[in-house]
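Below: the structure, in structure tokens.
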Amino acid sequence: MMLKIKRVPTVVSNYQKEDGEEGSRRGGGCGRNCLQNCCLQDARLPLYAFKKVNSIVSEKEGVGVSEDEKGETTVAFLDSLLLGEWEERMQRGLFRYDVTACETKVIPGQYGFIAQLNEGRHLKKRPTEFRVDKVLQPFDGNKFNFTKVGQEEVLFQFGASEEGEAQFFPDAPVDPENSPTMVAINVSPIEYGHVLLIPRVLDCLPQRIDCDSLMLAIYMAAEAGNPYFRLGYNSLGAFATINHLHFQAYYLAVPFPIEKAPAKEIGTLNGGMKISELVNYPVRGLVFEGGNTLLDLSRGVSDACICLQENNIPYNVLIADCGNRIFLLPQCYAEKQALGEVSSELLDTQVNPAVWEISGHMVLKRKKDYEEASEENAWRLLAEVSLSEERFQEVSALIFEAISYSSHVDGTDSEKLLEDVNVKHQPVEEVNAITERSHPAMVTGILH
């Protein structure tokens, strides 16, 4: 099956030149109309103020397209706003290449992996500027970060409404004192509508998840209300290329293979959040879903992410089903690369398996690989990304312990909770043995 997308001519923009080039063509301040204090005086940008809700939006309820009282089709406003603004930037030529010209197909097979031929991305994508053997690294303002992008790349500010209802302000002031969250185009897009969610951009936060930042991503997924709009996150060491806190998001009108993969429930936490383990999928991972409130879900997943970060284990996150389901995927591909354990055949593909590839959207750089794409080849690559079964159980035990002992589990016997989560996963004796020997140094995800 071929996916057909609208083709619009796009040229590389002067706005995407490297630092120091063409700067004099833009406004005041440093001349680049950037997001730093030099250019933010009196700056005004659109603002989308989302409604803070407590309940989870289900996939069936939040498909982005619904019927009004007259039976006419309506589209969620955030959906139409984001796509309209993104297309306007495409018409202005603000992208490094024309992603709409990239060939895309669904690979025959049980899972329906998606292959895209994107020969321009690796040639024009900004190179990584930091170490890949440490998940947590301090922010470095001398390296590229999102305060250096042009304001024309920003689609809108994204923040909580003060009125209890979603609102849109087409010309709102930028308040540097309160460090706004921005939604900007990804100038090296993978797919239609590819954007970046940059929490509190002016605070210059490094690439590390906490509960507040994850909540923003979940709110965006819920507000978009479209199951074909997913958000992803890559940690350092798991193919994040910029050490400035951000999530990615785009539209793809077919299910990701990981969304179709079976999962085995292994426990339900206080607050109603269910945890499952992926089965019969090339990358081992955990699935978090439900919960009595969005905050319950965000707390549980962010506790797990923080555990991985603090133990130097690279990971990827996929937010699916309008924020109702979150996949957490620890990985070790960069470690295997450094140790020379990845075959030259796989290295020659130049595929860096980040969240989208792990989820089943294979972005290929060579026409040969695209033409020969098969479920077997996709599976072979992703199997190299996954932790071994034994290592995954060790990491899972650390995650369950971190979640169960978190301060937000009020009034719950933490040892009982840890046992409840793991009893469906393994015999309690095995879990206790793993927990005892799972000192962080033994499960470090990348080279020391």
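Every chain in the structure tokens takes a letter, A first, then B, and so on in the order presented; its residues are numbered from 1, and the ligands are numbered from 1 following the presented order.
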Next on the checklist: Based on the backbone DSSP call, show me all residues of region 89-193 of chain A assigned helix (DSSP H, G or I), as a PyMOL selection string.
Outcome noted: chain A and resi 89-91+99-101+121-124+146-148+151-153+176-178
Selection file, C-alpha atoms, as a CSV table (one decimal), in the first residue's frame:
```csv
chain,number,residue,atom,x,y,z
A,89,ARG,CA,5.9,27.9,6.7
A,90,MET,CA,6.2,25.2,4.0
A,91,GLN,CA,5.0,27.7,1.4
A,99,VAL,CA,9.5,16.2,2.9
A,100,THR,CA,6.4,16.0,0.7
A,101,ALA,CA,8.5,14.7,-2.1
A,121,ARG,CA,17.6,14.4,6.1
A,122,HIS,CA,21.1,13.0,6.9
A,123,LEU,CA,22.8,15.5,4.5
A,124,LYS,CA,21.1,18.6,5.8
A,146,PHE,CA,16.3,26.5,20.4
A,147,THR,CA,16.8,30.1,21.6
A,148,LYS,CA,18.8,30.5,18.4
A,151,GLN,CA,10.8,33.6,15.4
A,152,GLU,CA,9.4,32.9,12.0
A,153,GLU,CA,9.9,29.1,12.8
A,176,PRO,CA,10.5,36.3,28.9
A,177,GLU,CA,10.1,36.5,32.6
A,178,ASN,CA,7.7,33.5,32.5
```
Item to check | Contacts of region 217-231 of chain A at 6 Å (only C-alpha atoms; same-chain gap of 5+ positions) as number ranges by chain | outcome: A: 62-64, 78-79, 248-253, 318-323
With C-alpha atoms retained, write the just-selected residues as a PDB file, in the first residue's frame.
```
ATOM      1  CA  GLY A  62     -10.597  12.142  20.691  1.00  0.00           C
ATOM      2  CA  VAL A  63     -10.217  11.472  17.003  1.00  0.00           C
ATOM      3  CA  GLY A  64      -9.795  15.134  16.100  1.00  0.00           C
ATOM      4  CA  LEU A  78      -5.472  22.893  17.608  1.00  0.00           C
ATOM      5  CA  ASP A  79      -5.351  20.388  14.749  1.00  0.00           C
ATOM      6  CA  GLN A 248       8.744  15.964  18.572  1.00  0.00           C
ATOM      7  CA  ALA A 249       5.349  15.385  16.977  1.00  0.00           C
ATOM      8  CA  TYR A 250       3.857  14.736  13.567  1.00  0.00           C
ATOM      9  CA  TYR A 251       0.899  13.240  11.724  1.00  0.00           C
ATOM     10  CA  LEU A 252       0.876   9.805  10.107  1.00  0.00           C
ATOM     11  CA  ALA A 253      -2.499   8.498   8.959  1.00  0.00           C
ATOM     12  CA  LEU A 318       6.046   7.531  22.296  1.00  0.00           C
ATOM     13  CA  ILE A 319       2.814   9.291  23.347  1.00  0.00           C
ATOM     14  CA  ALA A 320      -0.115   7.774  21.451  1.00  0.00           C
ATOM     15  CA  ASP A 321      -3.924   7.518  21.507  1.00  0.00           C
ATOM     16  CA  CYS A 322      -4.437  11.231  22.266  1.00  0.00           C
ATOM     17  CA  GLY A 323      -2.257  10.961  25.370  1.00  0.00           C
TER      18      GLY A 323
END
```
Checklist entry - What lies within 6 Å of Lys274 (chain A) using only C-alpha atoms, ignoring chain neighbours under 2 positions off, as a ChimeraX atom specification? => result /A:267-268,288-289
Item to check | Residues near Glu85 (chain A), cut-off 10 Å, only C-alpha atoms, skip fewer than 3 positions along chain, as a list in words | outcome: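 With the cut-off at 10 Å, the set is Ser80, Leu81, Leu82, Glu88, Arg89, Met90, Gln91, Glu153, Val154, Leu155, Phe156, Ala184, Ile185 and Gly193 of chain A.
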Produce a table with one row for each residue of region 248-271 of chain A that has an atom at most 12 Å from any atom of region 378-399 of chain A, each row naming the nearest atom pair and its distance in Å at one decimal; use only C-alpha atoms; arrange rows by chain and rising residue number; format as a tab-separated table.
```
residue	atom	partner	partner_atom	distance
A:Pro257	CA	A:Ala378	CA	11.0
A:Ile258	CA	A:Leu382	CA	11.5
A:Ile266	CA	A:Ser396	CA	10.9
```
Would you save the residues from that selection as a PDB file, in the first residue's frame, using all heavy atoms?
```
ATOM      1  N   PRO A 257       3.357   0.364  13.870  1.00  0.00           N
ATOM      2  CA  PRO A 257       3.423  -1.051  14.240  1.00  0.00           C
ATOM      3  C   PRO A 257       3.441  -1.295  15.745  1.00  0.00           C
ATOM      4  O   PRO A 257       2.827  -2.250  16.229  1.00  0.00           O
ATOM      5  CB  PRO A 257       4.729  -1.514  13.578  1.00  0.00           C
ATOM      6  CG  PRO A 257       4.837  -0.653  12.363  1.00  0.00           C
ATOM      7  CD  PRO A 257       4.328   0.698  12.805  1.00  0.00           C
ATOM      8  N   ILE A 258       4.127  -0.440  16.494  1.00  0.00           N
ATOM      9  CA  ILE A 258       4.184  -0.639  17.940  1.00  0.00           C
ATOM     10  C   ILE A 258       2.810  -0.493  18.580  1.00  0.00           C
ATOM     11  O   ILE A 258       2.517  -1.122  19.601  1.00  0.00           O
ATOM     12  CB  ILE A 258       5.199   0.345  18.580  1.00  0.00           C
ATOM     13  CG1 ILE A 258       5.617  -0.161  19.960  1.00  0.00           C
ATOM     14  CG2 ILE A 258       4.630   1.766  18.659  1.00  0.00           C
ATOM     15  CD1 ILE A 258       6.775   0.628  20.560  1.00  0.00           C
ATOM     16  N   ILE A 266       0.988  -6.310  33.453  1.00  0.00           N
ATOM     17  CA  ILE A 266       1.797  -6.788  34.569  1.00  0.00           C
ATOM     18  C   ILE A 266       1.477  -6.077  35.876  1.00  0.00           C
ATOM     19  O   ILE A 266       2.063  -6.395  36.909  1.00  0.00           O
ATOM     20  CB  ILE A 266       3.303  -6.644  34.265  1.00  0.00           C
ATOM     21  CG1 ILE A 266       3.646  -5.220  33.837  1.00  0.00           C
ATOM     22  CG2 ILE A 266       3.716  -7.623  33.193  1.00  0.00           C
ATOM     23  CD1 ILE A 266       5.115  -5.004  33.543  1.00  0.00           C
TER      24      ILE A 266
END
```
Item to check | Non-local contacts of region 164-169 of chain A (10 Å; only C-alpha atoms; under 5 positions in same chain excluded) as a VMD selection string | outcome: chain A and resid 45 to 53 77 to 78 81 156 to 159 223
Next on the checklist: Taking 3 positions as the minimum chain separation for residues in the same chain, which residues sit within 10 Å of Val301 (chain A) when counting only C-alpha atoms? Answer as a list in words.
Outcome noted: Ile209, Asp210, Cys211, Leu214, Met273, Ile275, Leu286, Val287, Phe288, Glu289, Leu295, Asp296, Leu297, Ser298, Ala304, Cys305, Ile306, Cys307, Val317, Ile326, Phe327, Leu328, Ile399 and Ile403 of chain A
Checklist entry - How far is it from CA of Asn118 (chain A) to CA of Tyr281 (chain A), in Å with one decimal? => result 24.8 Å
Checklist entry - So which one's closest to His244 (chain A), A:Asp369, A:Glu357, A:Asp140, A:Asp133? Using only C-alpha atoms, please. => result A:Asp140
Checklist entry - Could you write out, as a ChimeraX atom specification, all the residues of region 43-259 of chain A that DSSP marks as strand (DSSP E)? => result /A:44-50,65-67,73-75,104-106,114-117,154-160,167-173,182-185,195-198,229-234,247-251
